[in-house]
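Okay, structure first, notes after.
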Amino acid sequence: MKASLSVMPTTPAVPPAKTVHPLWLRVTHWINAFSVVIMIASGWRIYNASPIFPFVFPKEWTLGGWLGGALQWHFAAMWLLAINGLVYLALNLLSGRAQRKFFPLRPKEVLHDFVQALKGKLQHTSLDHYNAVQKLAYLSVIADLILIVVSGLAIWKSVQLPLLRDLMGGFDSARIVHFFAMSFLVLFIVVHIVMVALVPRTLLAMLRGR
Amino acid sequence: MIKKPHRLPSTLDSELIIKDARRELELAMPSRRLFGKRALTLGGLSLLTGCEITDNESVNRMLINISRMNDGVQAWLFDPNKMAPTYPASMITRPFPFNAFYGEDEITEVDGDDYRLEIKGLVSNKKTWTLPELRRLPQVEQITRHICVEGWSAIGRWGGVPFAGFLKHIGADLDAKFIAFRCADDYYTSIDMPTALHAQTQLTLTYDGEILPPKYGFPMKLRMPTKLGYKNPKHIASIEVTNTYPGGYWEDQGYNWFGGA
């Protein structure tokens, strides 16, 4: 083993890469990414029909062409988002991966890793291990997606789902919650893509597993 | 009910943009920069293809099929005993917004003296109704939230005849699937029987204690706090009980048929 390594100097001196992301995780990640893009782009077109704030989204960034088309996309992709999300959560919890990857999560470590990241000193020694900032970011976006689904259901079925409606503080405030949950998701996606661009190996890992 | 849709021109200059993006990707670049470019343009491309996809026949058919499936899901979710919230008079939205597929200066004026409500389809008593006859039926009131498909909502006070009682009164076949409405402003829509029989579904003759004004649908509209605004027809001229899917003005253009809240 030692000898064979020394005759092949081009081979990196690391053990054979083991799977960082199991197949089910990669599949649910990309289905989620696809459905989230559809939900956001069509959601922006729906928002434009009756803006909550004094601005609208540029039409070129939206999906559906007109309100009716955007609604069709939104209420089609919601199934993909919700079912895929449930599969992801179930597998993550049942396999014990969520516990392993995201916990323990200590505020002190988050702060430390955040400062290191700002200094550009946060090292990705292993893709297998999330730093504390990553743990917090991924857990937050999972919680945010749950909030998006709950507030979305409260808007879609405000009469039939009174519990969710009341939980969101009524129909009109459910729209505001839905909007800010979307905003957080967009912020996450922007940072996520920037980080992937800085460490492209992570994209490979999410594609081929290692 | 909202104004006419503005459909997106199908082609745009997306071909040009895609060509641009492709050229960028093919350029020799350091791998990291190339990766960055790719990540950025892939997002842009997926949105662009989205616009293109909207005009694709088979994709449209899929979206319509899912919308039909959502009709079924909503019918299953619909609880005939679940009431929409009601509000105190102090919470009424003033002025209550006008909304239709035409402007406020084009509102249909119906002559109340000549008005005859036509009854058609699977009904045993097809006699027409005059406005005074409708007003003599037992009246109820509700202060409920009107939710528009656009996302805004407003609270209003409506008075009129419970629709379930009216349907029984005229001997409608309560096992029929649909109730279709044709309106004096050429609007048309249709609803499912369980919603028609819901306690808050009302043939509305008054708004805020006054005779229903033309902008809210004189002489009569259908008020359903369990459905979105475009399912609530104004200026109703005829009611038909049927088993043949009647569609609707907006529904035929792509709005979800059930339109439940």
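Simple scheme: letters A, B, ... for chains in structure tokens order, numbers from 1 for residues in each chain, numbers from 1 for ligands in the order shown.
Using only C-alpha atoms, the protein and nucleic acid residues lying no more than 12 Å from Leu161 (chain A), apart from those fewer than 4 places from it along its own chain, are Val150, Ser151, Gly152, Leu153, Ala154, Ile155, Trp156, Lys157, Arg165, Asp166, Leu167, Met168, Gly170 and Phe171 of chain A; Gln74, Leu77, Phe78, Asp79, Lys82, Met83, Ala84, Pro85, Thr226, Gly260 and Ala261 of chain B.
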Just to be explicit: take each residue in the selection above, keep C-alpha atoms, and write the result as a short mmCIF file (atom, residue, chain, number, x, y, z; two decimals), in the first residue's frame.
data_model
loop_
_atom_site.label_atom_id
_atom_site.label_comp_id
_atom_site.auth_asym_id
_atom_site.auth_seq_id
_atom_site.Cartn_x
_atom_site.Cartn_y
_atom_site.Cartn_z
CA VAL A 150 -47.22 26.25 7.04
CA SER A 151 -47.81 29.91 6.12
CA GLY A 152 -48.51 28.87 2.54
CA LEU A 153 -51.14 26.39 3.69
CA ALA A 154 -52.69 29.09 5.90
CA ILE A 155 -53.01 31.36 2.85
CA TRP A 156 -54.23 28.64 0.47
CA LYS A 157 -56.80 27.18 2.87
CA ARG A 165 -54.64 30.53 10.05
CA ASP A 166 -54.76 31.47 13.74
CA LEU A 167 -51.18 30.33 14.23
CA MET A 168 -50.12 32.78 11.53
CA GLY A 170 -54.91 35.60 10.30
CA PHE A 171 -55.00 35.59 6.50
CA GLN B 74 -59.89 20.75 -2.27
CA LEU B 77 -60.58 19.06 2.21
CA PHE B 78 -63.86 20.96 2.10
CA ASP B 79 -65.78 20.53 5.35
CA LYS B 82 -66.64 24.46 8.86
CA MET B 83 -67.61 28.13 8.86
CA ALA B 84 -65.50 30.98 7.53
CA PRO B 85 -64.68 33.47 10.30
CA THR B 226 -65.38 29.65 1.45
CA GLY B 260 -61.54 27.21 -2.34
CA ALA B 261 -60.26 29.18 0.63
#
- Message: Under the rule that only C-alpha atoms are counted, which of A:Trp30, A:Phe103, A:Ala49, A:Val36 is the nearest residue to His129 (chain A)?
- Response: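 Comparing A:Trp30, A:Phe103, A:Ala49, A:Val36 against His129 (chain A), the winner is A:Phe103.
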- Task: Identify, on the basis of only C-alpha atoms, every residue whose closest approach to Asp186 (chain B) does not exceed 10 Å; exclude the query and any residue fewer than 6 positions from it along the same chain; express the result as a ChimeraX atom specification.
- Result: /B:108,234-237,249
- Item | Interface residues on chain A facing chain B, 7 Å, only C-alpha atoms, written as a ChimeraX atom specification | /A:46,49-50,61,63-66,68-69,72-73,76,156-160,197
- Neighbour list for Lys108 (chain A) as a PyMOL selection string, cut-off 12 Å, only C-alpha atoms, skip fewer than 5 positions in-chain: chain A and resi 113-115+132-133+136
- Which residues come within 12 Å of Ile189 (chain A), counting only C-alpha atoms, excluding same-chain residues fewer than 5 positions away, as a ChimeraX atom specification? /A:32-33,36-37,40,137-138,141,182-184,194-196 /B:39-40,43
- Task: Point out the residue among B:Trp257, B:Phe98, B:Trp76, B:Tyr207 with the least atom-to-atom distance to Ile191 (chain B), counting only C-alpha atoms.
- Result: B:Trp257
- Could you work out how far CA of Arg210 (chain A) lies from CA of Pro22 (chain A), giving the answer in Å with one decimal?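 Separating CA of Pro22 (chain A) from CA of Arg210 (chain A) is a distance of 9.0 Å.
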- Would you give me, as a PyMOL selection string, the residues in region 27-200 of chain B that DSSP reads as alpha helix (DSSP H)? chain B and resi 31-53+57-77+131-136+163-169+193-196
Same residues, C-alpha atoms, saved as a PDB file, in the first residue's frame:
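Listed below is the output, out.pdb:
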ATOM      1  CA  SER B  31     -11.822  26.461 -13.778  1.00  0.00           C
ATOM      2  CA  ARG B  32     -12.913  28.317 -10.674  1.00  0.00           C
ATOM      3  CA  ARG B  33     -14.097  31.342 -12.633  1.00  0.00           C
ATOM      4  CA  LEU B  34     -15.769  29.059 -15.118  1.00  0.00           C
ATOM      5  CA  PHE B  35     -17.500  27.357 -12.261  1.00  0.00           C
ATOM      6  CA  GLY B  36     -18.716  30.701 -10.904  1.00  0.00           C
ATOM      7  CA  LYS B  37     -20.004  31.696 -14.314  1.00  0.00           C
ATOM      8  CA  ARG B  38     -21.724  28.375 -14.693  1.00  0.00           C
ATOM      9  CA  ALA B  39     -23.408  28.619 -11.323  1.00  0.00           C
ATOM     10  CA  LEU B  40     -24.696  32.084 -12.132  1.00  0.00           C
ATOM     11  CA  THR B  41     -25.895  31.403 -15.666  1.00  0.00           C
ATOM     12  CA  LEU B  42     -27.447  28.064 -14.780  1.00  0.00           C
ATOM     13  CA  GLY B  43     -29.782  29.894 -12.425  1.00  0.00           C
ATOM     14  CA  GLY B  44     -30.571  32.409 -15.135  1.00  0.00           C
ATOM     15  CA  LEU B  45     -31.087  29.680 -17.710  1.00  0.00           C
ATOM     16  CA  SER B  46     -33.451  27.683 -15.551  1.00  0.00           C
ATOM     17  CA  LEU B  47     -35.604  30.784 -15.093  1.00  0.00           C
ATOM     18  CA  LEU B  48     -35.512  31.478 -18.810  1.00  0.00           C
ATOM     19  CA  THR B  49     -36.491  27.953 -19.711  1.00  0.00           C
ATOM     20  CA  GLY B  50     -39.309  28.462 -17.218  1.00  0.00           C
ATOM     21  CA  CYS B  51     -40.712  31.268 -19.391  1.00  0.00           C
ATOM     22  CA  GLU B  52     -40.306  29.081 -22.456  1.00  0.00           C
ATOM     23  CA  ILE B  53     -41.821  26.108 -20.699  1.00  0.00           C
ATOM     24  CA  GLU B  57     -48.165  22.425 -24.990  1.00  0.00           C
ATOM     25  CA  SER B  58     -47.396  19.280 -22.978  1.00  0.00           C
ATOM     26  CA  VAL B  59     -46.196  21.248 -19.950  1.00  0.00           C
ATOM     27  CA  ASN B  60     -49.391  23.265 -20.032  1.00  0.00           C
ATOM     28  CA  ARG B  61     -51.428  20.085 -20.177  1.00  0.00           C
ATOM     29  CA  MET B  62     -49.526  18.756 -17.160  1.00  0.00           C
ATOM     30  CA  LEU B  63     -50.185  21.963 -15.213  1.00  0.00           C
ATOM     31  CA  ILE B  64     -53.890  21.814 -16.059  1.00  0.00           C
ATOM     32  CA  ASN B  65     -54.038  18.162 -15.011  1.00  0.00           C
ATOM     33  CA  ILE B  66     -52.436  19.003 -11.669  1.00  0.00           C
ATOM     34  CA  SER B  67     -54.906  21.867 -11.270  1.00  0.00           C
ATOM     35  CA  ARG B  68     -57.723  19.350 -11.816  1.00  0.00           C
ATOM     36  CA  MET B  69     -56.154  17.072  -9.239  1.00  0.00           C
ATOM     37  CA  ASN B  70     -56.058  20.056  -6.870  1.00  0.00           C
ATOM     38  CA  ASP B  71     -59.821  20.470  -7.473  1.00  0.00           C
ATOM     39  CA  GLY B  72     -60.234  16.956  -6.107  1.00  0.00           C
ATOM     40  CA  VAL B  73     -57.950  17.597  -3.138  1.00  0.00           C
ATOM     41  CA  GLN B  74     -59.893  20.754  -2.270  1.00  0.00           C
ATOM     42  CA  ALA B  75     -63.250  18.988  -2.568  1.00  0.00           C
ATOM     43  CA  TRP B  76     -61.878  16.367  -0.176  1.00  0.00           C
ATOM     44  CA  LEU B  77     -60.582  19.060   2.206  1.00  0.00           C
ATOM     45  CA  LEU B 131     -86.608  40.875  -7.580  1.00  0.00           C
ATOM     46  CA  PRO B 132     -89.545  41.460  -5.166  1.00  0.00           C
ATOM     47  CA  GLU B 133     -90.137  37.690  -5.032  1.00  0.00           C
ATOM     48  CA  LEU B 134     -86.509  37.094  -4.102  1.00  0.00           C
ATOM     49  CA  ARG B 135     -86.698  39.804  -1.443  1.00  0.00           C
ATOM     50  CA  ARG B 136     -89.724  38.129   0.136  1.00  0.00           C
ATOM     51  CA  PHE B 163     -78.555  29.417  -1.238  1.00  0.00           C
ATOM     52  CA  ALA B 164     -79.131  25.929   0.205  1.00  0.00           C
ATOM     53  CA  GLY B 165     -82.696  26.884   1.177  1.00  0.00           C
ATOM     54  CA  PHE B 166     -83.297  28.392  -2.255  1.00  0.00           C
ATOM     55  CA  LEU B 167     -82.050  25.255  -4.041  1.00  0.00           C
ATOM     56  CA  LYS B 168     -84.354  23.066  -1.944  1.00  0.00           C
ATOM     57  CA  HIS B 169     -87.217  25.517  -2.511  1.00  0.00           C
ATOM     58  CA  MET B 193     -72.814  21.136  -4.881  1.00  0.00           C
ATOM     59  CA  PRO B 194     -71.298  20.792  -1.369  1.00  0.00           C
ATOM     60  CA  THR B 195     -70.231  24.462  -1.460  1.00  0.00           C
ATOM     61  CA  ALA B 196     -73.638  25.466  -2.867  1.00  0.00           C
TER      62      ALA B 196
END
- Message: At a cut-off of 12 Å, using only C-alpha atoms, what residues contact region 113-129 of chain B? Leave out same-chain residues fewer than 6 positions from it and give the result as a count of residues only.
- Response: 38
